[in-house]
Structure formats: C-alpha cells, structure tokens
file structure_6.pdb (PDB, N, CA and C atoms)
ATOM      1  N   MET O   1      74.614  -2.217  18.607
ATOM      2  CA  MET O   1      74.014  -2.433  17.330
ATOM      3  C   MET O   1      72.769  -1.583  17.117
ATOM      4  N   LYS O   2      72.031  -1.322  18.168
ATOM      5  CA  LYS O   2      70.816  -0.538  18.027
ATOM      6  C   LYS O   2      71.134   0.924  17.703
ATOM      7  N   ARG O   3      72.305   1.365  18.044
ATOM      8  CA  ARG O   3      72.670   2.761  17.803
ATOM      9  C   ARG O   3      72.878   3.061  16.326
ATOM     10  N   LEU O   4      73.341   2.124  15.559
ATOM     11  CA  LEU O   4      73.625   2.336  14.145
ATOM     12  C   LEU O   4      72.369   2.745  13.360
ATOM     13  N   PRO O   5      71.242   2.012  13.477
ATOM     14  CA  PRO O   5      70.041   2.461  12.754
ATOM     15  C   PRO O   5      69.546   3.830  13.227
ATOM     16  N   MET O   6      69.647   4.091  14.518
ATOM     17  CA  MET O   6      69.211   5.382  15.045
ATOM     18  C   MET O   6      70.096   6.497  14.503
ATOM     19  N   LEU O   7      71.396   6.263  14.449
ATOM     20  CA  LEU O   7      72.332   7.247  13.910
ATOM     21  C   LEU O   7      72.028   7.521  12.436
ATOM     22  N   ALA O   8      71.726   6.493  11.689
ATOM     23  CA  ALA O   8      71.386   6.649  10.270
ATOM     24  C   ALA O   8      70.135   7.511  10.114
ATOM     25  N   LEU O   9      69.135   7.301  10.949
ATOM     26  CA  LEU O   9      67.912   8.100  10.884
ATOM     27  C   LEU O   9      68.183   9.566  11.205
ATOM     28  N   VAL O  10      68.999   9.808  12.206
ATOM     29  CA  VAL O  10      69.331  11.181  12.590
ATOM     30  C   VAL O  10      70.072  11.873  11.445
ATOM     31  N   LEU O  11      71.019  11.160  10.846
ATOM     32  CA  LEU O  11      71.772  11.740   9.732
ATOM     33  C   LEU O  11      70.867  12.024   8.538
ATOM     34  N   LEU O  12      69.977  11.103   8.226
ATOM     35  CA  LEU O  12      69.049  11.305   7.111
ATOM     36  C   LEU O  12      68.112  12.475   7.379
ATOM     37  N   ALA O  13      67.635  12.597   8.585
ATOM     38  CA  ALA O  13      66.745  13.710   8.929
ATOM     39  C   ALA O  13      67.475  15.036   8.760
ATOM     40  N   GLY O  14      68.729  15.078   9.147
ATOM     41  CA  GLY O  14      69.514  16.295   8.991
ATOM     42  C   GLY O  14      69.745  16.646   7.535
ATOM     43  N   CYS O  15      69.906  15.641   6.692
ATOM     44  CA  CYS O  15      70.122  15.880   5.261
ATOM     45  C   CYS O  15      68.855  16.370   4.588
ATOM     46  N   ALA O  16      67.718  15.937   5.076
ATOM     47  CA  ALA O  16      66.460  16.313   4.455
ATOM     48  C   ALA O  16      66.090  17.764   4.732
ATOM     49  N   ARG O  17      66.603  18.297   5.816
ATOM     50  CA  ARG O  17      66.294  19.663   6.191
ATOM     51  C   ARG O  17      67.015  20.635   5.262
ATOM     52  N   ARG O  18      66.334  21.675   4.836
ATOM     53  CA  ARG O  18      66.937  22.682   3.970
ATOM     54  C   ARG O  18      67.894  23.526   4.789
ATOM     55  N   ASP O  19      69.043  23.794   4.222
ATOM     56  CA  ASP O  19      70.028  24.630   4.886
ATOM     57  C   ASP O  19      69.426  26.018   5.097
ATOM     58  N   ALA O  20      69.500  26.523   6.302
ATOM     59  CA  ALA O  20      68.891  27.821   6.629
ATOM     60  C   ALA O  20      69.547  28.967   5.863
ATOM     61  N   THR O  21      70.768  28.778   5.403
ATOM     62  CA  THR O  21      71.450  29.857   4.682
ATOM     63  C   THR O  21      71.184  29.818   3.184
ATOM     64  N   SER O  22      70.635  28.715   2.664
ATOM     65  CA  SER O  22      70.367  28.659   1.221
ATOM     66  C   SER O  22      69.044  29.356   0.908
ATOM     67  N   PRO O  23      68.994  30.075  -0.211
ATOM     68  CA  PRO O  23      67.769  30.798  -0.547
ATOM     69  C   PRO O  23      66.655  29.849  -0.969
ATOM     70  N   PRO O  24      65.399  30.271  -0.824
ATOM     71  CA  PRO O  24      64.272  29.439  -1.248
ATOM     72  C   PRO O  24      64.335  29.191  -2.756
ATOM     73  N   ALA O  25      63.636  28.170  -3.192
ATOM     74  CA  ALA O  25      63.651  27.778  -4.607
ATOM     75  C   ALA O  25      63.201  28.921  -5.518
ATOM     76  N   THR O  26      62.229  29.723  -5.093
ATOM     77  CA  THR O  26      61.753  30.810  -5.951
ATOM     78  C   THR O  26      62.831  31.866  -6.162
ATOM     79  N   VAL O  27      63.631  32.116  -5.148
ATOM     80  CA  VAL O  27      64.722  33.081  -5.272
ATOM     81  C   VAL O  27      65.793  32.535  -6.208
ATOM     82  N   ARG O  28      66.109  31.243  -6.056
ATOM     83  CA  ARG O  28      67.102  30.623  -6.944
ATOM     84  C   ARG O  28      66.614  30.642  -8.378
ATOM     85  N   ALA O  29      65.328  30.360  -8.611
ATOM     86  CA  ALA O  29      64.777  30.362  -9.971
ATOM     87  C   ALA O  29      64.827  31.756 -10.569
ATOM     88  N   ALA O  30      64.515  32.771  -9.778
ATOM     89  CA  ALA O  30      64.563  34.152 -10.279
ATOM     90  C   ALA O  30      65.991  34.535 -10.643
ATOM     91  N   ALA O  31      66.940  34.118  -9.845
ATOM     92  CA  ALA O  31      68.337  34.418 -10.139
ATOM     93  C   ALA O  31      68.775  33.719 -11.412
ATOM     94  N   THR O  32      68.342  32.480 -11.580
ATOM     95  CA  THR O  32      68.670  31.738 -12.796
ATOM     96  C   THR O  32      68.046  32.405 -14.012
ATOM     97  N   ASP O  33      66.785  32.808 -13.907
ATOM     98  CA  ASP O  33      66.128  33.509 -15.011
ATOM     99  C   ASP O  33      66.864  34.796 -15.347
ATOM    100  N   SER O  34      67.272  35.510 -14.326
ATOM    101  CA  SER O  34      67.994  36.760 -14.544
ATOM    102  C   SER O  34      69.306  36.511 -15.283
ATOM    103  N   MET O  35      70.019  35.471 -14.887
ATOM    104  CA  MET O  35      71.287  35.151 -15.552
ATOM    105  C   MET O  35      71.062  34.705 -16.995
ATOM    106  N   ARG O  36      70.031  33.893 -17.228
ATOM    107  CA  ARG O  36      69.731  33.443 -18.590
ATOM    108  C   ARG O  36      69.345  34.627 -19.462
ATOM    109  N   SER O  37      68.507  35.511 -18.929
ATOM    110  CA  SER O  37      68.078  36.691 -19.670
ATOM    111  C   SER O  37      69.273  37.577 -20.007
ATOM    112  N   GLN O  38      70.151  37.816 -19.038
ATOM    113  CA  GLN O  38      71.317  38.658 -19.273
ATOM    114  C   GLN O  38      72.240  38.031 -20.309
ATOM    115  N   ALA O  39      72.381  36.707 -20.283
ATOM    116  CA  ALA O  39      73.215  36.029 -21.277
ATOM    117  C   ALA O  39      72.631  36.214 -22.678
ATOM    118  N   LEU O  40      71.314  36.170 -22.784
ATOM    119  CA  LEU O  40      70.672  36.390 -24.090
ATOM    120  C   LEU O  40      70.842  37.838 -24.550
ATOM    121  N   ILE O  41      70.738  38.778 -23.618
ATOM    122  CA  ILE O  41      70.950  40.189 -23.964
ATOM    123  C   ILE O  41      72.388  40.395 -24.435
ATOM    124  N   ASP O  42      73.335  39.830 -23.722
ATOM    125  CA  ASP O  42      74.742  39.931 -24.125
ATOM    126  C   ASP O  42      74.959  39.323 -25.506
ATOM    127  N   SER O  43      74.320  38.197 -25.749
ATOM    128  CA  SER O  43      74.429  37.541 -27.052
ATOM    129  C   SER O  43      73.774  38.390 -28.147
ATOM    130  N   GLY O  44      72.658  39.016 -27.814
ATOM    131  CA  GLY O  44      72.003  39.932 -28.755
ATOM    132  C   GLY O  44      72.898  41.123 -29.063
ATOM    133  N   ASN O  45      73.563  41.649 -28.043
ATOM    134  CA  ASN O  45      74.497  42.765 -28.251
ATOM    135  C   ASN O  45      75.629  42.358 -29.185
ATOM    136  N   ALA O  46      76.133  41.135 -29.006
ATOM    137  CA  ALA O  46      77.204  40.636 -29.878
ATOM    138  C   ALA O  46      76.693  40.492 -31.312
ATOM    139  N   ALA O  47      75.467  40.025 -31.463
ATOM    140  CA  ALA O  47      74.885  39.874 -32.806
ATOM    141  C   ALA O  47      74.713  41.242 -33.471
ATOM    142  N   ILE O  48      74.311  42.249 -32.706
ATOM    143  CA  ILE O  48      74.178  43.612 -33.247
ATOM    144  C   ILE O  48      75.534  44.095 -33.774
ATOM    145  N   ARG O  49      76.586  43.835 -33.007
ATOM    146  CA  ARG O  49      77.916  44.303 -33.408
ATOM    147  C   ARG O  49      78.365  43.726 -34.750
ATOM    148  N   VAL O  50      77.927  42.496 -35.058
ATOM    149  CA  VAL O  50      78.317  41.890 -36.339
ATOM    150  C   VAL O  50      77.201  42.019 -37.385
ATOM    151  N   LYS O  51      76.241  42.886 -37.080
ATOM    152  CA  LYS O  51      75.135  43.215 -37.985
ATOM    153  C   LYS O  51      74.201  42.026 -38.286
ATOM    154  N   ASP O  52      74.101  41.095 -37.328
ATOM    155  CA  ASP O  52      73.137  39.985 -37.428
ATOM    156  C   ASP O  52      71.871  40.422 -36.698
ATOM    157  N   TYR O  53      71.118  41.295 -37.336
ATOM    158  CA  TYR O  53      69.961  41.913 -36.679
ATOM    159  C   TYR O  53      68.832  40.916 -36.434
ATOM    160  N   ASP O  54      68.658  39.971 -37.356
ATOM    161  CA  ASP O  54      67.621  38.960 -37.156
ATOM    162  C   ASP O  54      67.956  38.084 -35.944
ATOM    163  N   GLY O  55      69.207  37.650 -35.870
ATOM    164  CA  GLY O  55      69.639  36.854 -34.716
ATOM    165  C   GLY O  55      69.535  37.636 -33.419
ATOM    166  N   ALA O  56      69.898  38.918 -33.484
ATOM    167  CA  ALA O  56      69.800  39.772 -32.295
ATOM    168  C   ALA O  56      68.354  39.887 -31.841
ATOM    169  N   ALA O  57      67.449  40.107 -32.794
ATOM    170  CA  ALA O  57      66.024  40.240 -32.445
ATOM    171  C   ALA O  57      65.517  38.970 -31.779
ATOM    172  N   ARG O  58      65.928  37.813 -32.286
ATOM    173  CA  ARG O  58      65.497  36.548 -31.677
ATOM    174  C   ARG O  58      66.026  36.415 -30.247
ATOM    175  N   ARG O  59      67.271  36.794 -30.043
ATOM    176  CA  ARG O  59      67.856  36.674 -28.701
ATOM    177  C   ARG O  59      67.188  37.629 -27.709
ATOM    178  N   TYR O  60      66.983  38.876 -28.149
ATOM    179  CA  TYR O  60      66.314  39.838 -27.264
ATOM    180  C   TYR O  60      64.882  39.397 -26.969
ATOM    181  N   ALA O  61      64.184  38.865 -27.982
ATOM    182  CA  ALA O  61      62.809  38.383 -27.773
ATOM    183  C   ALA O  61      62.793  37.229 -26.772
ATOM    184  N   SER O  62      63.802  36.373 -26.831
ATOM    185  CA  SER O  62      63.900  35.278 -25.852
ATOM    186  C   SER O  62      64.134  35.830 -24.449
ATOM    187  N   ALA O  63      64.958  36.866 -24.357
ATOM    188  CA  ALA O  63      65.198  37.498 -23.051
ATOM    189  C   ALA O  63      63.906  38.103 -22.509
ATOM    190  N   VAL O  64      63.126  38.719 -23.382
ATOM    191  CA  VAL O  64      61.834  39.295 -22.980
ATOM    192  C   VAL O  64      60.898  38.190 -22.487
ATOM    193  N   ALA O  65      60.915  37.048 -23.162
ATOM    194  CA  ALA O  65      60.044  35.941 -22.753
ATOM    195  C   ALA O  65      60.409  35.431 -21.366
ATOM    196  N   ILE O  66      61.706  35.447 -21.052
ATOM    197  CA  ILE O  66      62.158  34.969 -19.744
ATOM    198  C   ILE O  66      61.892  36.007 -18.659
ATOM    199  N   ARG O  67      62.194  37.279 -18.972
ATOM    200  CA  ARG O  67      62.020  38.356 -17.989
ATOM    201  C   ARG O  67      61.251  39.509 -18.633
ATOM    202  N   PRO O  68      59.944  39.440 -18.644
ATOM    203  CA  PRO O  68      59.140  40.481 -19.300
ATOM    204  C   PRO O  68      59.178  41.837 -18.599
ATOM    205  N   ASP O  69      59.890  41.928 -17.485
ATOM    206  CA  ASP O  69      60.001  43.198 -16.760
ATOM    207  C   ASP O  69      61.377  43.845 -16.947
ATOM    208  N   ASP O  70      62.159  43.368 -17.907
ATOM    209  CA  ASP O  70      63.517  43.855 -18.105
ATOM    210  C   ASP O  70      63.565  44.913 -19.213
ATOM    211  N   PRO O  71      63.764  46.179 -18.858
ATOM    212  CA  PRO O  71      63.777  47.229 -19.881
ATOM    213  C   PRO O  71      64.926  47.072 -20.873
ATOM    214  N   ALA O  72      66.043  46.514 -20.458
ATOM    215  CA  ALA O  72      67.185  46.339 -21.368
ATOM    216  C   ALA O  72      66.857  45.372 -22.489
ATOM    217  N   ALA O  73      66.105  44.329 -22.186
ATOM    218  CA  ALA O  73      65.716  43.360 -23.215
ATOM    219  C   ALA O  73      64.824  44.033 -24.260
ATOM    220  N   TYR O  74      63.882  44.854 -23.792
ATOM    221  CA  TYR O  74      63.003  45.558 -24.733
ATOM    222  C   TYR O  74      63.771  46.596 -25.537
ATOM    223  N   TYR O  75      64.710  47.266 -24.923
ATOM    224  CA  TYR O  75      65.501  48.258 -25.639
ATOM    225  C   TYR O  75      66.310  47.588 -26.754
ATOM    226  N   GLY O  76      66.962  46.486 -26.425
ATOM    227  CA  GLY O  76      67.716  45.750 -27.437
ATOM    228  C   GLY O  76      66.818  45.254 -28.549
ATOM    229  N   LEU O  77      65.643  44.767 -28.180
ATOM    230  CA  LEU O  77      64.685  44.308 -29.186
ATOM    231  C   LEU O  77      64.297  45.457 -30.103
ATOM    232  N   GLY O  78      64.053  46.624 -29.531
ATOM    233  CA  GLY O  78      63.721  47.793 -30.337
ATOM    234  C   GLY O  78      64.846  48.151 -31.293
ATOM    235  N   MET O  79      66.079  48.080 -30.811
ATOM    236  CA  MET O  79      67.245  48.373 -31.652
ATOM    237  C   MET O  79      67.314  47.427 -32.845
ATOM    238  N   ALA O  80      67.176  46.134 -32.570
ATOM    239  CA  ALA O  80      67.273  45.131 -33.635
ATOM    240  C   ALA O  80      66.118  45.282 -34.627
ATOM    241  N   LEU O  81      64.913  45.489 -34.119
ATOM    242  CA  LEU O  81      63.755  45.633 -35.009
ATOM    243  C   LEU O  81      63.881  46.879 -35.876
ATOM    244  N   ALA O  82      64.397  47.952 -35.313
ATOM    245  CA  ALA O  82      64.592  49.183 -36.098
ATOM    246  C   ALA O  82      65.573  48.933 -37.236
ATOM    247  N   ARG O  83      66.641  48.200 -36.960
ATOM    248  CA  ARG O  83      67.631  47.905 -37.997
ATOM    249  C   ARG O  83      67.062  46.982 -39.069
ATOM    250  N   LEU O  84      66.036  46.203 -38.706
ATOM    251  CA  LEU O  84      65.381  45.322 -39.674
ATOM    252  C   LEU O  84      64.287  46.048 -40.451
ATOM    253  N   GLY O  85      64.073  47.322 -40.127
ATOM    254  CA  GLY O  85      63.034  48.095 -40.799
ATOM    255  C   GLY O  85      61.635  47.833 -40.272
ATOM    256  N   ARG O  86      61.530  47.185 -39.140
ATOM    257  CA  ARG O  86      60.230  46.885 -38.528
ATOM    258  C   ARG O  86      59.936  47.991 -37.509
ATOM    259  N   ASP O  87      59.717  49.200 -38.054
ATOM    260  CA  ASP O  87      59.647  50.408 -37.235
ATOM    261  C   ASP O  87      58.505  50.429 -36.229
ATOM    262  N   ASP O  88      57.319  49.971 -36.610
ATOM    263  CA  ASP O  88      56.193  49.979 -35.659
ATOM    264  C   ASP O  88      56.479  49.081 -34.456
ATOM    265  N   GLU O  89      57.011  47.904 -34.718
ATOM    266  CA  GLU O  89      57.341  46.985 -33.631
ATOM    267  C   GLU O  89      58.483  47.553 -32.776
ATOM    268  N   ALA O  90      59.429  48.209 -33.441
ATOM    269  CA  ALA O  90      60.553  48.821 -32.719
ATOM    270  C   ALA O  90      60.040  49.899 -31.774
ATOM    271  N   ARG O  91      59.115  50.739 -32.259
ATOM    272  CA  ARG O  91      58.553  51.788 -31.398
ATOM    273  C   ARG O  91      57.845  51.187 -30.193
ATOM    274  N   GLU O  92      57.123  50.097 -30.404
ATOM    275  CA  GLU O  92      56.437  49.434 -29.284
ATOM    276  C   GLU O  92      57.449  48.914 -28.258
ATOM    277  N   ALA O  93      58.528  48.316 -28.741
ATOM    278  CA  ALA O  93      59.551  47.783 -27.826
ATOM    279  C   ALA O  93      60.220  48.915 -27.063
ATOM    280  N   TYR O  94      60.558  50.005 -27.762
ATOM    281  CA  TYR O  94      61.166  51.165 -27.086
ATOM    282  C   TYR O  94      60.210  51.753 -26.044
ATOM    283  N   ALA O  95      58.923  51.843 -26.395
ATOM    284  CA  ALA O  95      57.935  52.391 -25.462
ATOM    285  C   ALA O  95      57.826  51.512 -24.212
ATOM    286  N   ARG O  96      57.851  50.203 -24.417
ATOM    287  CA  ARG O  96      57.771  49.283 -23.266
ATOM    288  C   ARG O  96      59.022  49.430 -22.394
ATOM    289  N   SER O  97      60.166  49.584 -23.032
ATOM    290  CA  SER O  97      61.413  49.789 -22.282
ATOM    291  C   SER O  97      61.329  51.052 -21.436
ATOM    292  N   ARG O  98      60.852  52.145 -22.037
ATOM    293  CA  ARG O  98      60.722  53.411 -21.286
ATOM    294  C   ARG O  98      59.743  53.269 -20.126
ATOM    295  N   GLU O  99      58.630  52.582 -20.380
ATOM    296  CA  GLU O  99      57.620  52.388 -19.335
ATOM    297  C   GLU O  99      58.214  51.613 -18.152
ATOM    298  N   LEU O 100      58.922  50.535 -18.445
ATOM    299  CA  LEU O 100      59.531  49.734 -17.377
ATOM    300  C   LEU O 100      60.609  50.519 -16.640
ATOM    301  N   GLN O 101      61.370  51.303 -17.390
ATOM    302  CA  GLN O 101      62.413  52.131 -16.787
ATOM    303  C   GLN O 101      61.786  53.172 -15.852
ATOM    304  N   SER O 102      60.702  53.766 -16.310
ATOM    305  CA  SER O 102      60.006  54.773 -15.519
ATOM    306  C   SER O 102      59.430  54.159 -14.242
ATOM    307  N   ARG O 103      58.851  52.976 -14.374
ATOM    308  CA  ARG O 103      58.296  52.283 -13.208
ATOM    309  C   ARG O 103      59.381  51.988 -12.179
ATOM    310  N   ALA O 104      60.521  51.540 -12.668
ATOM    311  CA  ALA O 104      61.639  51.237 -11.762
ATOM    312  C   ALA O 104      62.108  52.500 -11.054
ATOM    313  N   ALA O 105      62.149  53.611 -11.778
ATOM    314  CA  ALA O 105      62.567  54.882 -11.180
ATOM    315  C   ALA O 105      61.550  55.328 -10.126
ATOM    316  N   ASP O 106      60.254  55.172 -10.436
ATOM    317  CA  ASP O 106      59.207  55.535  -9.468
ATOM    318  C   ASP O 106      59.305  54.700  -8.208
ATOM    319  N   THR O 107      59.546  53.420  -8.367
ATOM    320  CA  THR O 107      59.657  52.524  -7.220
ATOM    321  C   THR O 107      60.856  52.905  -6.365
ATOM    322  N   THR O 108      61.955  53.238  -7.008
ATOM    323  CA  THR O 108      63.172  53.636  -6.289
ATOM    324  C   THR O 108      62.940  54.936  -5.548
ATOM    325  N   THR O 109      62.279  55.894  -6.193
ATOM    326  CA  THR O 109      62.021  57.192  -5.586
ATOM    327  C   THR O 109      61.104  57.071  -4.379
ATOM    328  N   HIS O 110      60.050  56.225  -4.503
ATOM    329  CA  HIS O 110      59.091  56.087  -3.403
ATOM    330  C   HIS O 110      59.646  55.267  -2.264
ATOM    331  N   ALA O 111      60.654  54.464  -2.519
ATOM    332  CA  ALA O 111      61.220  53.609  -1.462
ATOM    333  C   ALA O 111      62.104  54.413  -0.514
ATOM    334  N   ARG O 112      62.522  55.572  -0.919
ATOM    335  CA  ARG O 112      63.431  56.378  -0.074
ATOM    336  C   ARG O 112      62.735  57.011   1.049
TER     337      ARG O 112
END

call {"tool": "encode", "arguments": {"input": "structure_6.pdb", "output": "structure tokens"}}
result
Amino acid sequence: MKRLPMLALVLLAGCARRDATSPPATVRAAATDSMRSQALIDSGNAAIRVKDYDGAARRYASAVAIRPDDPAAYYGLGMALARLGRDDEAREAYARSRELQSRAADTTTHAR
C-alpha cells in the first residue's frame, strides 16, 4: 500500500518536467507569431487580388504589428497603400521593407 502513493509522486514529478525535446516557450511563441503573420500576409495578398486594397492594408498592418522585422509585411503594406493613393505612407513602408531586407542580407553575408 505504501508503494502506491510513492508511485503517484514519481509519475507526477515526471509529468511536471519539461520534455527535453520540446522547444522553450519563447521559441514556440516566435513560431506562432511567424505563422500568424504569414497568414495575415497571405490574406492581404488575396485581398489585393480582388482589389480590396483597404482590407489588404489592414491585414498587412496587422502582420507588421505582430512581426515588425518582416520585410514582406512592409512590402505588402506599401503595395496596398500605393493602390489607395496614400503615396507618402507607401514610400515609408517600401523603405522599411528595403532596410529590413538589406539588414537580413548583411547578417547572412557576415555569418559566412
């Protein structure tokens, strides 16, 4: 009879331990953010195709809010804003996209 409570404690302790193969919470959150951002970009692309530029701009802006380091989100935002005639904002979004793209290229080049 004494073994049953001890066995339960051992099992509970094992369950409480994080699996060594599962990624840390910050990695999982970043992956989730990346997937959410990409889904918004894809949705923005679909909105562009049907000429819903306002909807596209909102989706790309949401992607930017989730991942402010994503050049694709800024590029899409620039595209949608340009189609809405918001040229100054579009230029800013395109410039941010180029800057992020350039930074990524520099990081890749220096890592070699």

call {"tool": "residues_around", "arguments": {"input": "structure_6.pdb", "residues": "Tyr74 (chain O)", "least_positions_apart": "5", "cutoff": "7 Å", "atoms": "only C-alpha atoms", "output": "PDB file with N, CA and C atoms, in the coordinates of the input"}}
result
ATOM      1  N   VAL O  64      63.126  38.719 -23.382  1.00  0.00           N
ATOM      2  CA  VAL O  64      61.834  39.295 -22.980  1.00  0.00           C
ATOM      3  C   VAL O  64      60.898  38.190 -22.487  1.00  0.00           C
ATOM      4  N   ALA O  93      58.528  48.316 -28.741  1.00  0.00           N
ATOM      5  CA  ALA O  93      59.551  47.783 -27.826  1.00  0.00           C
ATOM      6  C   ALA O  93      60.220  48.915 -27.063  1.00  0.00           C
ATOM      7  N   TYR O  94      60.558  50.005 -27.762  1.00  0.00           N
ATOM      8  CA  TYR O  94      61.166  51.165 -27.086  1.00  0.00           C
ATOM      9  C   TYR O  94      60.210  51.753 -26.044  1.00  0.00           C
ATOM     10  N   ARG O  96      57.851  50.203 -24.417  1.00  0.00           N
ATOM     11  CA  ARG O  96      57.771  49.283 -23.266  1.00  0.00           C
ATOM     12  C   ARG O  96      59.022  49.430 -22.394  1.00  0.00           C
ATOM     13  N   SER O  97      60.166  49.584 -23.032  1.00  0.00           N
ATOM     14  CA  SER O  97      61.413  49.789 -22.282  1.00  0.00           C
ATOM     15  C   SER O  97      61.329  51.052 -21.436  1.00  0.00           C
TER      16      SER O  97
END

call {"tool": "closest_residue", "arguments": {"input": "structure_6.pdb", "among": "O:Gln101, O:Arg28, O:Gly76, O:Asp69", "to": "Ile41 (chain O)", "atoms": "only N, CA and C atoms"}}
result
O:Gly76

call {"tool": "resolve_selection", "arguments": {"input": "structure_6.pdb", "expression": "the PyMOL selection byres ((chain O and resi 30-38) around 8)", "output": "number ranges by chain"}}
result
O: 24-29, 39-44, 59, 62-67, 73

call {"tool": "closest_residue", "arguments": {"input": "structure_6.pdb", "among": "O:Ala46, O:Leu81, O:Pro71, O:Gly55", "to": "Leu100 (chain O)", "atoms": "all atoms listed in the file"}}
result
O:Pro71

call {"tool": "atom_distance", "arguments": {"input": "structure_6.pdb", "atom1": "atom N of Asp54 (chain O)", "atom2": "atom N of Ala104 (chain O)"}}
result
28.5 Å

call {"tool": "atom_distance", "arguments": {"input": "structure_6.pdb", "atom1": "atom C of Arg49 (chain O)", "atom2": "atom C of Arg83 (chain O)"}}
result
12.5 Å

call {"tool": "atom_distance", "arguments": {"input": "structure_6.pdb", "atom1": "CA of Tyr53 (chain O)", "atom2": "CA of Ala80 (chain O)"}}
result
5.2 Å

call {"tool": "select_by_dssp", "arguments": {"input": "structure_6.pdb", "residues": "region 18-53 of chain O", "states": "alpha helix (DSSP H)", "output": "PyMOL selection string"}}
result
chain O and resi 25-49+53

call {"tool": "decode", "arguments": {"input": "structure_6.pdb", "residues": "region 78-92 of chain O", "atoms": "C-alpha atoms", "output": "PDB file, in the first residue's frame"}}
result
ATOM      1  CA  GLY O  78       3.394  49.582 -49.303  1.00  0.00           C
ATOM      2  CA  MET O  79       1.609  47.920 -52.225  1.00  0.00           C
ATOM      3  CA  ALA O  80      -1.824  48.339 -50.648  1.00  0.00           C
ATOM      4  CA  LEU O  81      -1.178  51.934 -49.563  1.00  0.00           C
ATOM      5  CA  ALA O  82       0.053  52.857 -53.045  1.00  0.00           C
ATOM      6  CA  ARG O  83      -3.144  51.463 -54.566  1.00  0.00           C
ATOM      7  CA  LEU O  84      -5.132  53.548 -52.066  1.00  0.00           C
ATOM      8  CA  GLY O  85      -3.283  56.673 -53.199  1.00  0.00           C
ATOM      9  CA  ARG O  86      -1.508  57.050 -49.853  1.00  0.00           C
ATOM     10  CA  ASP O  87       1.833  57.542 -51.590  1.00  0.00           C
ATOM     11  CA  ASP O  88       3.867  59.027 -48.717  1.00  0.00           C
ATOM     12  CA  GLU O  89       2.921  56.180 -46.394  1.00  0.00           C
ATOM     13  CA  ALA O  90       3.565  53.672 -49.190  1.00  0.00           C
ATOM     14  CA  ARG O  91       7.078  55.065 -49.711  1.00  0.00           C
ATOM     15  CA  GLU O  92       7.768  54.749 -45.982  1.00  0.00           C
TER      16      GLU O  92
END
